[in-house]
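K.L.:
The following file, model.cif, comprises mmCIF, C-alpha atoms; chains and numbers go by the auth columns:
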```
data_protein
#
loop_
_atom_site.group_PDB
_atom_site.id
_atom_site.type_symbol
_atom_site.label_atom_id
_atom_site.label_comp_id
_atom_site.label_asym_id
_atom_site.label_seq_id
_atom_site.Cartn_x
_atom_site.Cartn_y
_atom_site.Cartn_z
_atom_site.B_iso_or_equiv
_atom_site.auth_seq_id
_atom_site.auth_asym_id
ATOM 1 C CA MET A 1 -15.485 -5.497 19.451 0.00 1 A
ATOM 2 C CA THR A 2 -15.912 -8.547 17.295 0.00 2 A
ATOM 3 C CA ASP A 3 -13.748 -11.638 17.560 0.00 3 A
ATOM 4 C CA ASN A 4 -12.432 -10.578 20.991 0.00 4 A
ATOM 5 C CA ARG A 5 -10.329 -7.791 19.467 0.00 5 A
ATOM 6 C CA THR A 6 -9.552 -4.729 21.497 0.00 6 A
ATOM 7 C CA VAL A 7 -9.466 -1.161 20.260 0.00 7 A
ATOM 8 C CA ARG A 8 -5.697 -1.339 20.447 0.00 8 A
ATOM 9 C CA ASP A 9 -5.657 -4.413 18.189 0.00 9 A
ATOM 10 C CA MET A 10 -7.848 -2.658 15.640 0.00 10 A
ATOM 11 C CA LEU A 11 -5.719 0.493 15.656 0.00 11 A
ATOM 12 C CA GLU A 12 -2.569 -1.570 15.184 0.00 12 A
ATOM 13 C CA ARG A 13 -4.177 -3.303 12.221 0.00 13 A
ATOM 14 C CA VAL A 14 -5.071 0.045 10.637 0.00 14 A
ATOM 15 C CA ARG A 15 -1.541 1.328 11.264 0.00 15 A
ATOM 16 C CA GLU A 16 -0.044 -1.721 9.563 0.00 16 A
ATOM 17 C CA ARG A 17 -2.317 -1.320 6.536 0.00 17 A
ATOM 18 C CA ARG A 18 -1.304 2.310 6.163 0.00 18 A
ATOM 19 C CA ARG A 19 2.364 1.407 6.466 0.00 19 A
ATOM 20 C CA ARG A 20 2.009 -0.968 3.522 0.00 20 A
ATOM 21 C CA LYS A 21 0.716 1.929 1.428 0.00 21 A
ATOM 22 C CA ARG A 22 3.836 4.052 1.977 0.00 22 A
ATOM 23 C CA CYS A 23 6.603 4.628 -0.536 0.00 23 A
ATOM 24 C CA PRO A 24 9.477 2.191 -0.067 0.00 24 A
ATOM 25 C CA ASP A 25 11.968 4.922 -1.012 0.00 25 A
ATOM 26 C CA CYS A 26 10.870 7.938 1.042 0.00 26 A
ATOM 27 C CA ASP A 27 7.923 6.730 3.203 0.00 27 A
ATOM 28 C CA GLY A 28 5.653 9.202 1.389 0.00 28 A
ATOM 29 C CA VAL A 29 2.020 8.689 0.423 0.00 29 A
ATOM 30 C CA VAL A 30 1.446 6.325 -2.501 0.00 30 A
ATOM 31 C CA GLY A 31 -1.397 6.583 -4.976 0.00 31 A
ATOM 32 C CA ILE A 32 -2.643 3.532 -6.880 0.00 32 A
ATOM 33 C CA ARG A 33 -4.334 3.974 -10.229 0.00 33 A
ATOM 34 C CA GLY A 34 -5.575 1.508 -12.748 0.00 34 A
ATOM 35 C CA PHE A 35 -7.168 1.339 -16.141 0.00 35 A
ATOM 36 C CA ASP A 36 -8.439 -1.714 -17.987 0.00 36 A
ATOM 37 C CA GLY A 37 -6.533 -4.266 -15.888 0.00 37 A
ATOM 38 C CA ASP A 38 -3.235 -2.369 -15.747 0.00 38 A
ATOM 39 C CA TYR A 39 -2.438 -0.909 -12.328 0.00 39 A
ATOM 40 C CA ARG A 40 0.469 1.165 -11.089 0.00 40 A
ATOM 41 C CA TRP A 41 1.504 2.897 -7.911 0.00 41 A
ATOM 42 C CA GLU A 42 3.320 6.197 -7.660 0.00 42 A
ATOM 43 C CA CYS A 43 4.702 8.192 -4.778 0.00 43 A
ATOM 44 C CA LEU A 44 3.232 11.660 -4.432 0.00 44 A
ATOM 45 C CA ASP A 45 6.429 12.968 -2.826 0.00 45 A
ATOM 46 C CA CYS A 46 9.455 11.524 -4.652 0.00 46 A
ATOM 47 C CA ASP A 47 7.929 10.331 -7.967 0.00 47 A
ATOM 48 C CA ALA A 48 8.934 6.672 -7.476 0.00 48 A
ATOM 49 C CA ILE A 49 6.691 4.346 -9.497 0.00 49 A
ATOM 50 C CA GLY A 50 5.798 0.706 -9.905 0.00 50 A
ATOM 51 C CA ILE A 51 3.990 -0.384 -13.077 0.00 51 A
ATOM 52 C CA GLY A 52 2.496 -3.443 -14.719 0.00 52 A
ATOM 53 C CA TYR A 53 0.227 -4.901 -12.027 0.00 53 A
ATOM 54 C CA ALA A 54 -2.932 -6.821 -12.943 0.00 54 A
ATOM 55 C CA THR A 55 -4.927 -5.782 -9.850 0.00 55 A
ATOM 56 C CA ARG A 56 -4.900 -3.201 -7.084 0.00 56 A
ATOM 57 C CA GLY A 57 -3.944 -5.971 -4.649 0.00 57 A
ATOM 58 C CA ASP A 58 -0.960 -6.891 -6.811 0.00 58 A
ATOM 59 C CA ALA A 59 0.162 -3.249 -6.748 0.00 59 A
ATOM 60 C CA LEU A 60 -0.061 -3.200 -2.939 0.00 60 A
ATOM 61 C CA ARG A 61 1.967 -6.401 -2.751 0.00 61 A
ATOM 62 C CA GLY A 62 4.491 -4.837 -5.129 0.00 62 A
ATOM 63 C CA ILE A 63 4.973 -1.938 -2.731 0.00 63 A
ATOM 64 C CA GLY A 64 5.513 -4.434 0.087 0.00 64 A
ATOM 65 C CA ARG A 65 8.124 -6.354 -1.896 0.00 65 A
ATOM 66 C CA ARG A 66 10.071 -3.148 -2.485 0.00 66 A
ATOM 67 C CA HIS A 67 10.135 -2.573 1.288 0.00 67 A
ATOM 68 C CA GLY A 68 12.258 -5.708 1.571 0.00 68 A
#
```
Could I get this structure in the form of structure tokens?

P.N.:
Amino acid sequence: MTDNRTVRDMLERVRERRRRKRCPDCDGVVGIRGFDGDYRWECLDCDAIGIGYATRGDALRGIGRRHG
């Protein structure tokens, strides 16, 4: 692996990324959609939403902030 990372390290990194993309309310799958510089996330299970983000990255950070 590159940079002296083990398979375990890589799997942990993937797991953490996926955790950040989970609904802060119900831990369900979150979809992120955007149009013309206006992004939002919405939970596919409980209908929680977050709106008004300038980029996809901002929407992901918004999910993380809701996690506390």

K.L.:
Please compute the atom CA of A:Val30-atom CA of A:Tyr53 distance, one decimal, in Å.

P.N.:
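Distance between the two atoms: 14.8 Å.
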
K.L.:
Could you state which residues are captured by the PyMOL selection byres ((chain A and resi 5-21) around 9) in this file, as a ChimeraX atom specification?

P.N.:
/A:1-4,22-24,27-31,60-61,63-64,67

K.L.:
How would the residues just chosen look if you wrote them out with C-alpha atoms as an mmCIF file, keeping the file's coordinate frame?

P.N.:
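out.cif, freshly written:
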```cif
data_model
loop_
_atom_site.group_PDB
_atom_site.id
_atom_site.type_symbol
_atom_site.label_atom_id
_atom_site.label_comp_id
_atom_site.auth_asym_id
_atom_site.auth_seq_id
_atom_site.Cartn_x
_atom_site.Cartn_y
_atom_site.Cartn_z
ATOM 1 C CA MET A 1 -15.485 -5.497 19.451
ATOM 2 C CA THR A 2 -15.912 -8.547 17.295
ATOM 3 C CA ASP A 3 -13.748 -11.638 17.560
ATOM 4 C CA ASN A 4 -12.432 -10.578 20.991
ATOM 5 C CA ARG A 22 3.836 4.052 1.977
ATOM 6 C CA CYS A 23 6.603 4.628 -0.536
ATOM 7 C CA PRO A 24 9.477 2.191 -0.067
ATOM 8 C CA ASP A 27 7.923 6.730 3.203
ATOM 9 C CA GLY A 28 5.653 9.202 1.389
ATOM 10 C CA VAL A 29 2.020 8.689 0.423
ATOM 11 C CA VAL A 30 1.446 6.325 -2.501
ATOM 12 C CA GLY A 31 -1.397 6.583 -4.976
ATOM 13 C CA LEU A 60 -0.061 -3.200 -2.939
ATOM 14 C CA ARG A 61 1.967 -6.401 -2.751
ATOM 15 C CA ILE A 63 4.973 -1.938 -2.731
ATOM 16 C CA GLY A 64 5.513 -4.434 0.087
ATOM 17 C CA HIS A 67 10.135 -2.573 1.288
#
```

K.L.:
May I ask for the distance between atom CA of A:Asp47 and atom CA of A:Phe35, given in Å to one decimal place?

P.N.:
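One can read the atom CA of A:Asp47 to atom CA of A:Phe35 distance as 19.4 Å.
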
K.L.:
Name all residues at most 9 Å from A:Ala59 (count only C-alpha atoms; drop same-chain ones fewer than 6 positions away) and give them as a list in words.

P.N.:
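Once the adjacent positions are removed, what remains is Ile32, Tyr39, Arg40, Trp41, Gly50, Ile51, Gly52 and Tyr53 of chain A.
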
K.L.:
Quick one, how far is atom CA of A:Asp25 from atom CA of A:Ile49?

P.N.:
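For atom CA of A:Asp25 relative to atom CA of A:Ile49, the distance reads 10.0 Å.
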
K.L.:
What are the centre and the three edge lengths of an axis-aligned box that wraps all atoms of stretch 13-31 of chain A in the file, given that 6 Å is added to every side, written as JSON and rounded to one decimal in Å?

P.N.:
```
{"center_x": 3.4, "center_y": 2.9, "center_z": 3.6, "size_x": 29.0, "size_y": 24.5, "size_z": 29.2}
```

K.L.:
Quick one: stretch 11-39 of chain A with N, CA and C atoms, as a compact mmCIF listing (two decimals), keeping the file's coordinate frame?

P.N.:
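Generated file (result-v8.txt):
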```txt
# COMPACT_ATOMS: atom_id res chain seq x y z
N LEU A 11 -6.56 -0.64 16.05
CA LEU A 11 -5.72 0.49 15.66
C LEU A 11 -4.38 0.02 15.11
N GLU A 12 -3.83 -1.01 15.68
CA GLU A 12 -2.57 -1.57 15.18
C GLU A 12 -2.75 -2.13 13.77
N ARG A 13 -3.88 -2.75 13.54
CA ARG A 13 -4.18 -3.30 12.22
C ARG A 13 -4.28 -2.19 11.18
N VAL A 14 -4.96 -1.10 11.54
CA VAL A 14 -5.07 0.04 10.64
C VAL A 14 -3.69 0.64 10.37
N ARG A 15 -2.89 0.77 11.41
CA ARG A 15 -1.54 1.33 11.26
C ARG A 15 -0.70 0.48 10.31
N GLU A 16 -0.81 -0.82 10.43
CA GLU A 16 -0.04 -1.72 9.56
C GLU A 16 -0.50 -1.61 8.11
N ARG A 17 -1.80 -1.48 7.90
CA ARG A 17 -2.32 -1.32 6.54
C ARG A 17 -1.79 -0.03 5.91
N ARG A 18 -1.80 1.03 6.69
CA ARG A 18 -1.30 2.31 6.16
C ARG A 18 0.18 2.25 5.87
N ARG A 19 0.92 1.54 6.68
CA ARG A 19 2.36 1.41 6.47
C ARG A 19 2.64 0.71 5.14
N ARG A 20 1.81 -0.25 4.79
CA ARG A 20 2.01 -0.97 3.52
C ARG A 20 1.75 -0.08 2.32
N LYS A 21 1.04 1.02 2.52
CA LYS A 21 0.72 1.93 1.43
C LYS A 21 1.67 3.12 1.38
N ARG A 22 2.83 2.99 1.98
CA ARG A 22 3.84 4.05 1.98
C ARG A 22 4.93 3.74 0.98
N CYS A 23 5.53 4.78 0.44
CA CYS A 23 6.60 4.63 -0.54
C CYS A 23 7.79 3.91 0.09
N PRO A 24 8.32 2.91 -0.60
CA PRO A 24 9.48 2.19 -0.07
C PRO A 24 10.76 3.03 -0.10
N ASP A 25 10.77 4.09 -0.90
CA ASP A 25 11.97 4.92 -1.01
C ASP A 25 12.00 6.06 0.01
N CYS A 26 10.86 6.75 0.18
CA CYS A 26 10.87 7.94 1.04
C CYS A 26 9.81 7.91 2.14
N ASP A 27 9.01 6.87 2.23
CA ASP A 27 7.92 6.73 3.20
C ASP A 27 6.80 7.74 2.97
N GLY A 28 6.72 8.27 1.75
CA GLY A 28 5.65 9.20 1.39
C GLY A 28 4.37 8.47 1.05
N VAL A 29 3.33 9.24 0.77
CA VAL A 29 2.02 8.69 0.42
C VAL A 29 2.06 8.15 -1.00
N VAL A 30 1.47 6.98 -1.20
CA VAL A 30 1.45 6.32 -2.50
C VAL A 30 0.02 6.33 -3.03
N GLY A 31 -0.12 6.67 -4.30
CA GLY A 31 -1.40 6.58 -4.98
C GLY A 31 -1.39 5.38 -5.90
N ILE A 32 -2.52 4.68 -5.98
CA ILE A 32 -2.64 3.53 -6.88
C ILE A 32 -3.73 3.85 -7.89
N ARG A 33 -3.39 3.70 -9.15
CA ARG A 33 -4.33 3.97 -10.23
C ARG A 33 -4.34 2.80 -11.19
N GLY A 34 -5.49 2.60 -11.80
CA GLY A 34 -5.58 1.51 -12.75
C GLY A 34 -6.54 1.81 -13.86
N PHE A 35 -6.29 1.20 -15.00
CA PHE A 35 -7.17 1.34 -16.14
C PHE A 35 -7.13 0.05 -16.94
N ASP A 36 -8.29 -0.55 -17.12
CA ASP A 36 -8.44 -1.71 -17.99
C ASP A 36 -7.47 -2.85 -17.63
N GLY A 37 -7.35 -3.14 -16.33
CA GLY A 37 -6.53 -4.27 -15.89
C GLY A 37 -5.05 -3.99 -15.80
N ASP A 38 -4.65 -2.73 -15.87
CA ASP A 38 -3.24 -2.37 -15.75
C ASP A 38 -3.10 -1.34 -14.63
N TYR A 39 -2.54 -1.77 -13.51
CA TYR A 39 -2.44 -0.91 -12.33
C TYR A 39 -1.00 -0.49 -12.09
```
